[in-house]
Amino acid sequence: MVSVLKVKGMSCQHCVMSVTKALIQLEGIKDVQVDLAKGEVRFDNTKSLASDRIQKAITDAGYEVAPS
Ligand SMILES: [Cu+2]
């Protein structure tokens with residue numbers, strides 16, 4: 001299932017890489033794409049991983065998931 005999250009605090013290509021790396025190492029998360037201008041992260045959650053796991057990975061990387 002393709003999901004889109006709003007992520008606060010991303011400001012440059014380094015942030016894009018950090019968030020991408022944090023997500024891609026989660027089980028079943030594939031095709032991570034970050035839209036820096038919109039502050040959006042899109043990914044395919046192929047194993048229906050719980051959203052709190054995904055949010056924690058982003059938080060641990062130093063960014064904040066905005067409520068949708
Ligand atoms: Cu940055």
# chains A, B, ... in the order shown; residues from 1 in each chain; ligands from 1
$ residues_near_ligand --ligand "ligand 1" --cutoff "12 Å" --atoms "only C-alpha atoms and all ligand atoms" --output "mmCIF file with C-alpha atoms, in the first residue's frame"
data_model
loop_
_atom_site.group_PDB
_atom_site.id
_atom_site.type_symbol
_atom_site.label_atom_id
_atom_site.label_comp_id
_atom_site.auth_asym_id
_atom_site.auth_seq_id
_atom_site.Cartn_x
_atom_site.Cartn_y
_atom_site.Cartn_z
ATOM 1 C CA LYS A 8 8.656 18.407 9.256
ATOM 2 C CA GLY A 9 12.244 19.546 9.505
ATOM 3 C CA MET A 10 13.647 18.384 6.170
ATOM 4 C CA SER A 11 15.636 21.180 4.588
ATOM 5 C CA CYS A 12 18.272 19.756 2.302
ATOM 6 C CA GLN A 13 19.472 16.714 0.405
ATOM 7 C CA HIS A 14 21.119 15.379 3.532
ATOM 8 C CA CYS A 15 17.746 15.294 5.268
ATOM 9 C CA VAL A 16 16.292 13.494 2.261
ATOM 10 C CA MET A 17 18.981 10.841 2.565
ATOM 11 C CA SER A 18 18.536 10.486 6.329
ATOM 12 C CA VAL A 19 14.793 9.977 6.098
ATOM 13 C CA LEU A 36 11.590 18.147 -0.276
ATOM 14 C CA GLY A 39 7.827 18.091 2.851
ATOM 15 C CA ALA A 61 16.292 10.085 12.515
ATOM 16 C CA GLY A 62 15.594 13.548 13.949
ATOM 17 C CA TYR A 63 12.492 14.603 12.071
#
$ residues_around --residues "Glu40 in chain A" --least-positions-apart "5" --cutoff "8 Å" --atoms "only C-alpha atoms" --output "list in words"
Val4, Leu5, Lys6, Val7, Val34 and Asp35 of chain A
$ residues_around --residues "Lys47 in chain A" --least-positions-apart "6" --cutoff "9 Å" --atoms "only C-alpha atoms" --output "list in words"
Met1, Glu27, Gly28 and Ile29 of chain A
$ write_last_selection --atoms "C-alpha atoms" --output "mmCIF file, in the first residue's frame"
data_model
loop_
_atom_site.group_PDB
_atom_site.id
_atom_site.type_symbol
_atom_site.label_atom_id
_atom_site.label_comp_id
_atom_site.auth_asym_id
_atom_site.auth_seq_id
_atom_site.Cartn_x
_atom_site.Cartn_y
_atom_site.Cartn_z
ATOM 1 C CA MET A 1 0.000 0.000 0.000
ATOM 2 C CA GLU A 27 10.709 -4.417 6.936
ATOM 3 C CA GLY A 28 8.585 -4.222 3.799
ATOM 4 C CA ILE A 29 9.112 -0.521 3.119
#
$ select_by_dssp --residues "chain A" --states "alpha helix (DSSP H)" --output "mmCIF file with N, CA, C and O atoms, in the first residue's frame"
data_model
loop_
_atom_site.group_PDB
_atom_site.id
_atom_site.type_symbol
_atom_site.label_atom_id
_atom_site.label_comp_id
_atom_site.auth_asym_id
_atom_site.auth_seq_id
_atom_site.Cartn_x
_atom_site.Cartn_y
_atom_site.Cartn_z
ATOM 1 N N GLN A 13 19.299 18.057 0.949
ATOM 2 C CA GLN A 13 19.472 16.714 0.405
ATOM 3 C C GLN A 13 19.946 15.725 1.464
ATOM 4 O O GLN A 13 19.649 14.546 1.401
ATOM 5 N N HIS A 14 20.677 16.239 2.437
ATOM 6 C CA HIS A 14 21.119 15.379 3.532
ATOM 7 C C HIS A 14 19.918 14.845 4.322
ATOM 8 O O HIS A 14 19.872 13.673 4.691
ATOM 9 N N CYS A 15 18.963 15.707 4.567
ATOM 10 C CA CYS A 15 17.746 15.294 5.268
ATOM 11 C C CYS A 15 17.003 14.243 4.450
ATOM 12 O O CYS A 15 16.476 13.279 5.005
ATOM 13 N N VAL A 16 16.946 14.454 3.147
ATOM 14 C CA VAL A 16 16.292 13.494 2.261
ATOM 15 C C VAL A 16 16.937 12.123 2.419
ATOM 16 O O VAL A 16 16.252 11.109 2.569
ATOM 17 N N MET A 17 18.261 12.099 2.424
ATOM 18 C CA MET A 17 18.981 10.841 2.565
ATOM 19 C C MET A 17 18.731 10.199 3.926
ATOM 20 O O MET A 17 18.547 8.982 4.025
ATOM 21 N N SER A 18 18.735 11.018 4.976
ATOM 22 C CA SER A 18 18.536 10.486 6.329
ATOM 23 C C SER A 18 17.167 9.830 6.472
ATOM 24 O O SER A 18 17.046 8.728 7.011
ATOM 25 N N VAL A 19 16.152 10.515 5.986
ATOM 26 C CA VAL A 19 14.793 9.977 6.098
ATOM 27 C C VAL A 19 14.646 8.735 5.216
ATOM 28 O O VAL A 19 14.054 7.731 5.629
ATOM 29 N N THR A 20 15.208 8.804 4.021
ATOM 30 C CA THR A 20 15.134 7.657 3.118
ATOM 31 C C THR A 20 15.789 6.433 3.737
ATOM 32 O O THR A 20 15.223 5.332 3.746
ATOM 33 N N LYS A 21 16.975 6.625 4.299
ATOM 34 C CA LYS A 21 17.698 5.510 4.914
ATOM 35 C C LYS A 21 16.932 4.940 6.103
ATOM 36 O O LYS A 21 16.873 3.724 6.305
ATOM 37 N N ALA A 22 16.349 5.827 6.900
ATOM 38 C CA ALA A 22 15.615 5.379 8.077
ATOM 39 C C ALA A 22 14.429 4.499 7.683
ATOM 40 O O ALA A 22 14.124 3.508 8.346
ATOM 41 N N LEU A 23 13.773 4.873 6.583
ATOM 42 C CA LEU A 23 12.575 4.123 6.182
ATOM 43 C C LEU A 23 12.900 2.842 5.437
ATOM 44 O O LEU A 23 12.262 1.818 5.638
ATOM 45 N N ILE A 24 13.907 2.910 4.576
ATOM 46 C CA ILE A 24 14.190 1.778 3.705
ATOM 47 C C ILE A 24 14.667 0.564 4.502
ATOM 48 O O ILE A 24 14.550 -0.566 4.044
ATOM 49 N N SER A 51 1.931 2.005 11.621
ATOM 50 C CA SER A 51 2.354 3.382 11.391
ATOM 51 C C SER A 51 3.211 3.926 12.535
ATOM 52 O O SER A 51 4.052 4.805 12.324
ATOM 53 N N ASP A 52 3.030 3.385 13.751
ATOM 54 C CA ASP A 52 3.872 3.893 14.839
ATOM 55 C C ASP A 52 5.336 3.467 14.662
ATOM 56 O O ASP A 52 6.247 4.192 15.060
ATOM 57 N N ARG A 53 5.540 2.313 14.045
ATOM 58 C CA ARG A 53 6.917 1.892 13.740
ATOM 59 C C ARG A 53 7.553 2.835 12.723
ATOM 60 O O ARG A 53 8.725 3.189 12.825
ATOM 61 N N ILE A 54 6.763 3.209 11.745
ATOM 62 C CA ILE A 54 7.260 4.103 10.690
ATOM 63 C C ILE A 54 7.553 5.484 11.269
ATOM 64 O O ILE A 54 8.598 6.075 11.020
ATOM 65 N N GLN A 55 6.613 5.963 12.080
ATOM 66 C CA GLN A 55 6.803 7.284 12.693
ATOM 67 C C GLN A 55 8.017 7.296 13.611
ATOM 68 O O GLN A 55 8.756 8.283 13.646
ATOM 69 N N LYS A 56 8.236 6.193 14.344
ATOM 70 C CA LYS A 56 9.364 6.137 15.259
ATOM 71 C C LYS A 56 10.696 6.210 14.481
ATOM 72 O O LYS A 56 11.637 6.871 14.901
ATOM 73 N N ALA A 57 10.746 5.528 13.342
ATOM 74 C CA ALA A 57 11.965 5.556 12.528
ATOM 75 C C ALA A 57 12.274 6.981 12.080
ATOM 76 O O ALA A 57 13.435 7.419 12.088
ATOM 77 N N ILE A 58 11.230 7.717 11.720
ATOM 78 C CA ILE A 58 11.424 9.101 11.276
ATOM 79 C C ILE A 58 11.834 9.981 12.449
ATOM 80 O O ILE A 58 12.744 10.803 12.346
ATOM 81 N N THR A 59 11.178 9.778 13.588
ATOM 82 C CA THR A 59 11.508 10.548 14.782
ATOM 83 C C THR A 59 12.940 10.274 15.241
ATOM 84 O O THR A 59 13.687 11.197 15.583
ATOM 85 N N ASP A 60 13.314 8.992 15.218
ATOM 86 C CA ASP A 60 14.680 8.618 15.628
ATOM 87 C C ASP A 60 15.729 9.231 14.704
ATOM 88 O O ASP A 60 16.861 9.493 15.127
#
$ atom_distance --atom1 "CA of Phe43 in chain A" --atom2 "CA of Pro67 in chain A"
16.9 Å
$ residues_around --residues "Val2 in chain A" --least-positions-apart "2" --cutoff "10 Å" --atoms "only C-alpha atoms" --output "PyMOL selection string"
chain A and resi 4+29-32+42-46+48
$ decode --residues "range 19-54 of chain A" --atoms "N, CA and C atoms" --output "compact mmCIF listing (two decimals), in the first residue's frame"
# COMPACT_ATOMS: atom_id res chain seq x y z
N VAL A 19 16.15 10.52 5.99
CA VAL A 19 14.79 9.98 6.10
C VAL A 19 14.65 8.73 5.22
N THR A 20 15.21 8.80 4.02
CA THR A 20 15.13 7.66 3.12
C THR A 20 15.79 6.43 3.74
N LYS A 21 16.97 6.62 4.30
CA LYS A 21 17.70 5.51 4.91
C LYS A 21 16.93 4.94 6.10
N ALA A 22 16.35 5.83 6.90
CA ALA A 22 15.61 5.38 8.08
C ALA A 22 14.43 4.50 7.68
N LEU A 23 13.77 4.87 6.58
CA LEU A 23 12.57 4.12 6.18
C LEU A 23 12.90 2.84 5.44
N ILE A 24 13.91 2.91 4.58
CA ILE A 24 14.19 1.78 3.71
C ILE A 24 14.67 0.56 4.50
N GLN A 25 15.19 0.82 5.71
CA GLN A 25 15.66 -0.33 6.49
C GLN A 25 14.54 -1.01 7.28
N LEU A 26 13.34 -0.44 7.23
CA LEU A 26 12.21 -1.10 7.88
C LEU A 26 11.68 -2.22 7.00
N GLU A 27 11.18 -3.26 7.66
CA GLU A 27 10.71 -4.42 6.94
C GLU A 27 9.54 -4.07 6.02
N GLY A 28 9.69 -4.38 4.75
CA GLY A 28 8.59 -4.22 3.80
C GLY A 28 8.40 -2.83 3.24
N ILE A 29 9.24 -1.88 3.65
CA ILE A 29 9.11 -0.52 3.12
C ILE A 29 9.98 -0.41 1.87
N LYS A 30 9.33 -0.04 0.77
CA LYS A 30 10.04 0.03 -0.51
C LYS A 30 9.69 1.33 -1.24
N ASP A 31 10.52 1.63 -2.25
CA ASP A 31 10.25 2.77 -3.13
C ASP A 31 10.04 4.08 -2.36
N VAL A 32 10.97 4.38 -1.47
CA VAL A 32 10.86 5.61 -0.69
C VAL A 32 11.21 6.81 -1.58
N GLN A 33 10.31 7.78 -1.62
CA GLN A 33 10.56 9.00 -2.39
C GLN A 33 10.22 10.20 -1.52
N VAL A 34 11.16 11.13 -1.47
CA VAL A 34 10.96 12.33 -0.65
C VAL A 34 10.78 13.53 -1.57
N ASP A 35 9.70 14.27 -1.33
CA ASP A 35 9.50 15.54 -2.02
C ASP A 35 9.86 16.65 -1.04
N LEU A 36 11.06 17.17 -1.22
CA LEU A 36 11.59 18.15 -0.28
C LEU A 36 10.75 19.43 -0.27
N ALA A 37 10.33 19.87 -1.44
CA ALA A 37 9.56 21.11 -1.55
C ALA A 37 8.24 21.02 -0.79
N LYS A 38 7.60 19.87 -0.89
CA LYS A 38 6.30 19.70 -0.23
C LYS A 38 6.45 19.19 1.20
N GLY A 39 7.65 18.70 1.55
CA GLY A 39 7.83 18.09 2.85
C GLY A 39 7.06 16.78 2.97
N GLU A 40 7.02 16.06 1.86
CA GLU A 40 6.26 14.81 1.85
C GLU A 40 7.16 13.62 1.59
N VAL A 41 6.84 12.52 2.25
CA VAL A 41 7.55 11.27 2.04
C VAL A 41 6.54 10.24 1.55
N ARG A 42 6.87 9.61 0.44
CA ARG A 42 5.98 8.60 -0.15
C ARG A 42 6.70 7.26 -0.17
N PHE A 43 6.02 6.22 0.18
CA PHE A 43 6.66 4.90 0.19
C PHE A 43 5.61 3.82 0.03
N ASP A 44 6.09 2.65 -0.37
CA ASP A 44 5.21 1.50 -0.50
C ASP A 44 5.38 0.63 0.74
N ASN A 45 4.32 0.51 1.51
CA ASN A 45 4.33 -0.27 2.74
C ASN A 45 3.83 -1.67 2.40
N THR A 46 4.74 -2.51 1.88
CA THR A 46 4.31 -3.78 1.27
C THR A 46 3.86 -4.80 2.30
N LYS A 47 4.26 -4.63 3.56
CA LYS A 47 3.86 -5.61 4.58
C LYS A 47 2.97 -5.01 5.65
N SER A 48 2.33 -3.89 5.31
CA SER A 48 1.41 -3.21 6.23
C SER A 48 2.03 -3.02 7.61
N LEU A 49 3.24 -2.53 7.61
CA LEU A 49 3.92 -2.22 8.87
C LEU A 49 3.13 -1.16 9.63
N ALA A 50 3.07 -1.31 10.96
CA ALA A 50 2.29 -0.38 11.78
C ALA A 50 2.85 1.04 11.66
N SER A 51 1.93 2.00 11.62
CA SER A 51 2.35 3.38 11.39
C SER A 51 3.21 3.93 12.53
N ASP A 52 3.03 3.38 13.75
CA ASP A 52 3.87 3.89 14.84
C ASP A 52 5.34 3.47 14.66
N ARG A 53 5.54 2.31 14.05
CA ARG A 53 6.92 1.89 13.74
C ARG A 53 7.55 2.84 12.72
N ILE A 54 6.76 3.21 11.75
CA ILE A 54 7.26 4.10 10.69
C ILE A 54 7.55 5.48 11.27
